[in-house]
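Participant: Next comes the structure file input.txt, holding compact mmCIF, C-alpha atoms.
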# COMPACT_ATOMS: atom_id res chain seq x y z
CA SER A 1 25.73 140.03 102.68
CA GLU A 2 28.22 141.78 104.94
CA TYR A 3 29.93 143.20 101.84
CA SER A 4 27.06 145.05 100.18
CA SER A 5 27.25 148.17 102.36
CA GLU A 6 31.05 148.36 102.24
CA THR A 7 31.97 148.04 98.58
CA PRO A 8 28.83 147.51 96.47
CA GLU A 9 30.71 148.46 93.29
CA LEU A 10 33.12 145.50 93.49
CA PRO A 11 32.29 141.98 92.30
CA LEU A 12 31.99 139.51 95.19
CA ALA A 13 35.23 137.69 94.36
CA GLN A 14 37.16 140.97 94.52
CA GLN A 15 35.55 141.81 97.87
CA VAL A 16 36.56 138.38 99.20
CA ALA A 17 40.10 138.87 97.85
CA ALA A 18 40.30 142.21 99.66
CA ARG A 19 39.22 140.63 102.94
CA ILE A 20 41.73 137.77 102.65
CA ARG A 21 44.44 140.26 101.67
CA ASP A 22 43.72 142.18 104.90
CA MET A 23 43.89 138.92 106.88
CA ILE A 24 47.30 138.13 105.37
CA ILE A 25 48.87 141.53 105.99
CA GLN A 26 47.62 141.55 109.59
CA ASP A 27 48.99 138.03 110.16
CA GLN A 28 45.58 136.51 110.75
CA LEU A 29 46.83 134.18 108.02
CA VAL A 30 50.59 133.83 108.41
CA PRO A 31 53.26 132.98 105.80
CA GLY A 32 53.45 129.23 105.22
CA GLU A 33 49.93 128.63 106.59
CA TRP A 34 47.53 126.48 104.59
CA ILE A 35 44.25 128.22 103.78
CA ARG A 36 41.31 126.14 104.98
CA GLU A 37 38.74 126.98 102.33
CA GLN A 38 35.62 125.96 104.23
CA ALA A 39 36.67 127.81 107.39
CA ILE A 40 37.39 131.00 105.41
CA ALA A 41 34.14 130.65 103.43
CA ASP A 42 32.21 130.31 106.70
CA LYS A 43 34.05 133.26 108.28
CA LEU A 44 33.29 135.51 105.30
CA SER A 45 29.76 134.14 104.73
CA VAL A 46 30.38 133.23 101.10
CA SER A 47 30.27 130.07 98.99
CA ARG A 48 33.39 128.26 97.76
CA THR A 49 33.02 129.62 94.18
CA PRO A 50 33.80 133.32 94.84
CA LEU A 51 36.38 132.21 97.40
CA ARG A 52 38.25 130.18 94.80
CA GLU A 53 38.07 133.06 92.31
CA ALA A 54 39.52 135.31 95.02
CA LEU A 55 42.36 132.86 95.69
CA LYS A 56 43.28 132.89 91.99
CA MET A 57 43.48 136.70 92.12
CA LEU A 58 45.72 136.56 95.19
CA GLU A 59 47.96 134.00 93.51
CA LEU A 60 48.48 136.41 90.59
CA GLU A 61 49.51 139.03 93.14
CA GLY A 62 51.99 136.62 94.70
CA LEU A 63 50.33 136.64 98.14
CA ILE A 64 49.41 132.96 98.02
CA GLN A 65 50.44 129.85 96.10
CA LEU A 66 47.94 127.37 94.69
CA LEU A 67 49.38 123.85 94.68
CA PRO A 68 47.73 121.10 92.57
CA ASN A 69 45.64 118.71 94.69
CA ARG A 70 46.93 120.33 97.88
CA GLY A 71 45.16 123.68 98.11
CA ALA A 72 46.39 127.20 98.83
CA VAL A 73 49.21 128.32 101.10
CA VAL A 74 50.21 131.85 102.14
CA THR A 75 53.45 132.80 100.35
CA GLU A 76 56.52 132.87 102.55
CA LEU A 77 59.34 135.14 101.37
CA THR A 78 62.88 134.78 102.70
CA VAL A 79 64.57 137.87 104.17
CA GLU A 80 66.85 137.94 101.12
CA GLU A 81 63.88 137.84 98.73
CA VAL A 82 62.26 140.73 100.62
CA LYS A 83 65.50 142.72 100.43
CA GLU A 84 65.88 142.10 96.69
CA LYS A 85 62.30 143.04 95.89
CA LEU A 86 62.47 146.19 98.03
CA GLU A 87 65.68 147.24 96.28
CA VAL A 88 63.96 146.96 92.89
CA LEU A 89 60.79 148.65 94.17
CA ALA A 90 62.84 151.54 95.58
CA VAL A 91 64.43 152.20 92.19
CA LEU A 92 61.04 151.99 90.45
CA GLU A 93 59.39 154.41 92.91
CA SER A 94 62.36 156.78 92.71
CA LEU A 95 62.10 156.90 88.91
CA ALA A 96 58.31 157.28 89.15
CA GLY A 97 58.75 160.21 91.53
CA LYS A 98 61.13 161.98 89.17
CA LEU A 99 58.75 161.50 86.23
CA ALA A 100 55.74 162.55 88.34
CA CYS A 101 57.46 165.85 89.17
CA GLN A 102 57.66 166.53 85.43
CA LYS A 103 54.28 165.16 84.33
CA ALA A 104 51.78 165.31 87.22
CA THR A 105 48.76 167.53 86.61
CA ASP A 106 47.56 170.00 89.24
CA LEU A 107 44.54 167.73 89.74
CA GLU A 108 46.79 164.72 90.44
CA LEU A 109 48.80 166.79 92.94
CA ALA A 110 45.61 167.90 94.68
CA GLU A 111 44.43 164.27 94.95
CA ILE A 112 47.77 163.15 96.44
CA ARG A 113 47.62 166.04 98.93
CA ALA A 114 44.07 165.04 99.93
CA LEU A 115 45.13 161.41 100.41
CA HIS A 116 48.04 162.62 102.55
CA TYR A 117 45.72 164.50 104.92
CA GLU A 118 43.38 161.51 105.14
CA MET A 119 46.40 159.37 106.01
CA LEU A 120 47.46 161.82 108.75
CA ALA A 121 43.96 161.59 110.26
CA CYS A 122 44.27 157.79 110.41
CA PHE A 123 47.73 158.17 111.99
CA SER A 124 46.23 160.43 114.68
CA ARG A 125 43.52 157.83 115.37
CA GLU A 126 46.12 155.02 115.32
CA ASN A 127 44.06 153.19 112.72
CA ARG A 128 46.92 151.22 111.22
CA LEU A 129 45.02 149.34 108.54
CA GLU A 130 43.30 152.40 107.04
CA TYR A 131 46.52 154.39 107.42
CA PHE A 132 48.36 151.71 105.46
CA LYS A 133 45.77 151.58 102.68
CA LEU A 134 45.92 155.35 102.24
CA ASN A 135 49.71 155.18 102.36
CA GLN A 136 49.61 152.66 99.52
CA ARG A 137 47.18 154.79 97.53
CA ILE A 138 49.64 157.70 97.77
CA HIS A 139 52.50 155.57 96.45
CA PHE A 140 50.30 154.25 93.63
CA ALA A 141 49.13 157.79 92.80
CA ILE A 142 52.74 159.00 92.49
CA VAL A 143 53.59 156.03 90.28
CA ALA A 144 50.46 156.60 88.17
CA ALA A 145 51.41 160.27 87.73
CA SER A 146 54.65 159.12 86.08
CA GLY A 147 52.59 158.26 83.01
CA ASN A 148 54.91 155.32 82.24
CA LYS A 149 52.74 152.22 81.67
CA THR A 150 55.61 149.71 81.89
CA LEU A 151 56.75 151.23 85.18
CA ILE A 152 53.19 151.23 86.55
CA GLU A 153 52.62 147.55 85.66
CA THR A 154 56.01 146.37 86.98
CA HIS A 155 55.60 148.35 90.21
CA ALA A 156 52.10 146.94 90.81
CA ARG A 157 53.34 143.36 90.42
CA ILE A 158 56.31 143.68 92.79
CA ASN A 159 54.45 145.83 95.31
CA ALA A 160 51.67 143.24 95.57
CA GLN A 161 54.24 140.63 96.63
CA LEU A 162 55.47 143.01 99.36
CA TYR A 163 52.02 144.11 100.54
CA ARG A 164 52.30 142.27 103.86
CA VAL A 165 55.91 143.39 104.42
CA ARG A 166 55.03 147.04 103.89
CA PHE A 167 52.19 146.77 106.40
CA GLN A 168 54.29 144.90 108.96
CA SER A 169 57.06 147.49 108.72
CA ASN A 170 54.74 150.02 110.39
CA LEU A 171 54.06 147.87 113.43
CA GLN A 172 56.99 149.32 115.37
CA ASN A 173 55.40 152.17 117.34
CA LYS A 174 58.63 154.11 117.79
CA LEU A 175 59.35 153.95 114.05
CA TRP A 176 55.86 154.65 112.72
CA GLY A 177 56.30 158.41 113.03
CA THR A 178 59.37 158.35 110.78
CA ALA A 179 57.23 157.10 107.88
CA VAL A 180 54.87 160.05 108.36
CA GLU A 181 57.79 162.51 108.36
CA GLU A 182 59.12 160.92 105.17
CA HIS A 183 55.71 161.35 103.53
CA GLU A 184 55.70 165.04 104.51
CA GLU A 185 59.07 165.42 102.74
CA MET A 186 57.81 163.49 99.70
CA LEU A 187 54.73 165.72 99.38
CA SER A 188 56.80 168.90 99.66
CA ALA A 189 59.26 167.71 96.99
CA LEU A 190 56.41 166.71 94.68
CA GLU A 191 54.57 170.02 95.06
CA GLU A 192 57.82 171.89 94.41
CA ARG A 193 58.36 169.56 91.41
CA ASN A 194 61.84 168.88 92.74
CA SER A 195 62.53 165.59 90.94
CA GLU A 196 65.95 164.93 92.49
CA ALA A 197 64.69 165.51 96.04
CA LEU A 198 61.64 163.28 95.55
CA GLY A 199 63.75 160.55 93.93
CA VAL A 200 66.08 160.50 96.95
CA CYS A 201 63.13 160.61 99.40
CA LEU A 202 61.52 157.56 97.81
CA LEU A 203 64.78 155.60 97.71
CA ASN A 204 65.36 156.27 101.42
CA HIS A 205 61.72 155.58 102.28
CA LEU A 206 61.87 152.05 100.87
CA GLY A 207 65.22 151.53 102.60
CA GLN A 208 63.52 152.37 105.88
CA THR A 209 60.82 149.82 105.09
CA PHE A 210 63.44 147.05 105.03
CA PHE A 211 65.04 148.39 108.22
CA LYS A 212 61.69 148.36 110.04
CA PHE A 213 60.85 144.93 108.62
CA SER A 214 64.16 143.59 109.95
CA LYS A 215 63.53 145.16 113.36
CA ASN A 216 60.09 143.57 113.45
CA LEU A 217 61.64 140.18 112.71
CA GLU A 218 64.06 140.66 115.62
CA VAL A 219 61.19 141.48 117.98
CA MET A 220 59.28 138.38 116.84
CA GLU A 221 62.35 136.16 117.30
CA LYS A 222 62.90 137.46 120.85
CA SER A 223 59.26 136.85 121.78
CA ARG A 224 59.38 133.19 120.78
Turn this file's structure into structure tokens for me.
Facilitator:
Amino acid sequence: SEYSSETPELPLAQQVAARIRDMIIQDQLVPGEWIREQAIADKLSVSRTPLREALKMLELEGLIQLLPNRGAVVTELTVEEVKEKLEVLAVLESLAGKLACQKATDLELAEIRALHYEMLACFSRENRLEYFKLNQRIHFAIVAASGNKTLIETHARINAQLYRVRFQSNLQNKLWGTAVEEHEEMLSALEERNSEALGVCLLNHLGQTFFKFSKNLEVMEKSR
């Protein structure tokens, strides 16, 4: 199997879900597109059983919709829905940042710092997909350091629905660097345990995500 060397610790269905998730965020499967099960199964060299398990996982995340007797379709969010979800996510991450400044252990701070440097290496290599995944791990690590289970669960649910949007927001070359600068500020505020500064950084960071998403939409509209 093509998966065994990559992520041997994950069950096959989770590996398939991860691959389809990557296809969605990179627009290899676009919003509103029907998922042709046999074609995807052939592409990923798996049977329909783990594929269907994977689709159920992605439906729980909000990335696809399973319609009775019709199959699976990639979820299509309106611009207003994206804006609303990002507004809520920004408040959640801002609160998480403030709590993380109070509660994060030195070990958690060291892990976030290490992820940050890995992310910078991917930025230097212009590896957008790996950069994005490390970026997400940093955000999740800050949220996890808040120690608030309700916040962690709510954030995970909403963030999953915006997974594609957050990836697409980095596709503007001239704006990609701003995200890196914002992460530098976030790391400094966290290490200084400056809760107010980190809270503001995270609010602004998610605001920039919507701005970049909107810009990306404009570029796509002009190219049609």
Participant: Quick one: of A:Leu171, A:Asp106, A:Val82, A:Arg70, who's nearest to Glu126 of chain A, counting all atoms listed in the file?
Facilitator: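 Once distances to Glu126 of chain A are computed over all atoms listed in the file, the minimum belongs to A:Leu171.
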Participant: Please provide the set of residues having any atom within 9 Å of Gly147 of chain A, restricted to all atoms listed in the file, with same-chain residues fewer than 4 positions apart removed, written as number ranges by chain.
Facilitator: A: 96, 99-100, 103-104, 143, 151-152
Participant: Under the rule that all atoms listed in the file are counted, which of A:Arg157, A:Lys215, A:His205, A:Lys83 is the nearest residue to Val180 of chain A?
Facilitator: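 Once distances to Val180 of chain A are computed over all atoms listed in the file, the minimum belongs to A:His205.
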Participant: List the spatial neighbours of Ile142 of chain A as a PyMOL selection string - criterion: any atom at most 9 Å away, only C-alpha atoms, same-chain residues fewer than 6 positions off excluded.
Facilitator: chain A and resi 93+96-97+100-101+104+108-109+112+190
Participant: Might you pull out every residue within 12 Å of Arg166 of chain A, with only C-alpha atoms counted and same-chain residues fewer than 6 positions away left off, and present them as a PyMOL selection string?
Facilitator: chain A and resi 24-26+82-83+85-86+89+128-129+131-133+135-136+139+158-160+172+176+179+205-214+216
Participant: Check the smallest atom-to-atom distance from each of A:Ser146, A:Gln161, A:Gln38, A:Thr105 to Leu60 of chain A using only C-alpha atoms, then report the winner.
Facilitator: A:Gln161
Participant: Could you check how far atom CA of Leu95 of chain A sits from atom CA of Leu175 of chain A, in Å to one decimal?
Facilitator: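 Calculated distance between atom CA of Leu95 of chain A and atom CA of Leu175 of chain A is 25.5 Å.
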Participant: When distances are computed from only C-alpha atoms, which of A:Arg21, A:Arg164, A:Lys43, A:Arg193 shows the smallest separation from Leu77 of chain A?
Facilitator: A:Arg164
Participant: With the input short on atoms, add all heavy atoms back to segment 115-126 of chain A and write it as a compact mmCIF listing (two decimals), in the coordinates of the input.
Facilitator:
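Dumped to out04.txt:
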# COMPACT_ATOMS: atom_id res chain seq x y z
N LEU A 115 44.86 162.74 99.85
CA LEU A 115 45.13 161.41 100.41
C LEU A 115 46.10 161.52 101.59
O LEU A 115 45.95 160.81 102.60
CB LEU A 115 45.74 160.49 99.34
CG LEU A 115 44.80 160.02 98.23
CD1 LEU A 115 45.60 159.32 97.13
CD2 LEU A 115 43.73 159.09 98.78
N HIS A 116 47.06 162.42 101.47
CA HIS A 116 48.04 162.62 102.55
C HIS A 116 47.35 163.07 103.83
O HIS A 116 47.63 162.55 104.92
CB HIS A 116 49.07 163.66 102.10
CG HIS A 116 50.09 163.98 103.15
ND1 HIS A 116 51.15 163.15 103.46
CD2 HIS A 116 50.22 165.06 103.98
CE1 HIS A 116 51.88 163.69 104.42
NE2 HIS A 116 51.34 164.84 104.75
N TYR A 117 46.41 164.01 103.71
CA TYR A 117 45.72 164.50 104.92
C TYR A 117 44.79 163.44 105.50
O TYR A 117 44.65 163.34 106.73
CB TYR A 117 44.98 165.80 104.61
CG TYR A 117 45.92 166.97 104.39
CD1 TYR A 117 45.87 167.75 103.24
CD2 TYR A 117 46.90 167.26 105.34
CE1 TYR A 117 46.76 168.80 103.04
CE2 TYR A 117 47.79 168.30 105.15
CZ TYR A 117 47.72 169.06 103.99
OH TYR A 117 48.62 170.10 103.80
N GLU A 118 44.19 162.63 104.64
CA GLU A 118 43.38 161.51 105.14
C GLU A 118 44.27 160.53 105.90
O GLU A 118 43.88 160.00 106.95
CB GLU A 118 42.71 160.79 103.97
CG GLU A 118 41.50 161.49 103.38
CD GLU A 118 40.84 160.63 102.31
OE1 GLU A 118 40.42 159.51 102.63
OE2 GLU A 118 40.78 161.08 101.15
N MET A 119 45.45 160.28 105.36
CA MET A 119 46.40 159.37 106.01
C MET A 119 46.82 159.90 107.38
O MET A 119 46.90 159.14 108.36
CB MET A 119 47.62 159.16 105.11
CG MET A 119 48.62 158.13 105.65
SD MET A 119 50.16 158.08 104.68
CE MET A 119 50.96 159.60 105.29
N LEU A 120 47.06 161.21 107.47
CA LEU A 120 47.46 161.82 108.75
C LEU A 120 46.35 161.66 109.79
O LEU A 120 46.62 161.44 110.97
CB LEU A 120 47.78 163.30 108.56
CG LEU A 120 49.05 163.64 107.79
CD1 LEU A 120 49.25 165.15 107.76
CD2 LEU A 120 50.27 162.95 108.37
N ALA A 121 45.09 161.75 109.34
CA ALA A 121 43.96 161.59 110.26
C ALA A 121 43.94 160.17 110.82
O ALA A 121 43.70 159.95 112.01
CB ALA A 121 42.65 161.90 109.55
N CYS A 122 44.22 159.19 109.96
CA CYS A 122 44.27 157.79 110.41
C CYS A 122 45.44 157.56 111.36
O CYS A 122 45.35 156.79 112.32
CB CYS A 122 44.38 156.84 109.22
SG CYS A 122 42.87 156.74 108.26
N PHE A 123 46.56 158.25 111.10
CA PHE A 123 47.73 158.17 111.99
C PHE A 123 47.35 158.70 113.37
O PHE A 123 47.68 158.09 114.40
CB PHE A 123 48.89 158.97 111.40
CG PHE A 123 50.10 159.04 112.29
CD1 PHE A 123 50.90 157.94 112.49
CD2 PHE A 123 50.42 160.23 112.94
CE1 PHE A 123 52.02 158.01 113.31
CE2 PHE A 123 51.53 160.31 113.76
CZ PHE A 123 52.34 159.20 113.95
N SER A 124 46.65 159.82 113.40
CA SER A 124 46.23 160.43 114.68
C SER A 124 45.30 159.50 115.45
O SER A 124 45.36 159.43 116.68
CB SER A 124 45.51 161.76 114.43
OG SER A 124 46.39 162.67 113.82
N ARG A 125 44.45 158.75 114.72
CA ARG A 125 43.52 157.83 115.37
C ARG A 125 44.15 156.46 115.63
O ARG A 125 43.50 155.57 116.18
CB ARG A 125 42.27 157.65 114.50
CG ARG A 125 41.40 158.89 114.40
CD ARG A 125 40.03 158.56 113.82
NE ARG A 125 40.11 158.08 112.45
CZ ARG A 125 40.03 158.87 111.38
NH1 ARG A 125 39.90 160.17 111.51
NH2 ARG A 125 40.09 158.35 110.17
N GLU A 126 45.41 156.30 115.20
CA GLU A 126 46.12 155.02 115.32
C GLU A 126 45.37 153.87 114.64
O GLU A 126 45.36 152.74 115.12
CB GLU A 126 46.43 154.69 116.78
CG GLU A 126 47.35 155.72 117.44
CD GLU A 126 47.85 155.27 118.80
OE1 GLU A 126 47.52 154.14 119.23
OE2 GLU A 126 48.58 156.05 119.43
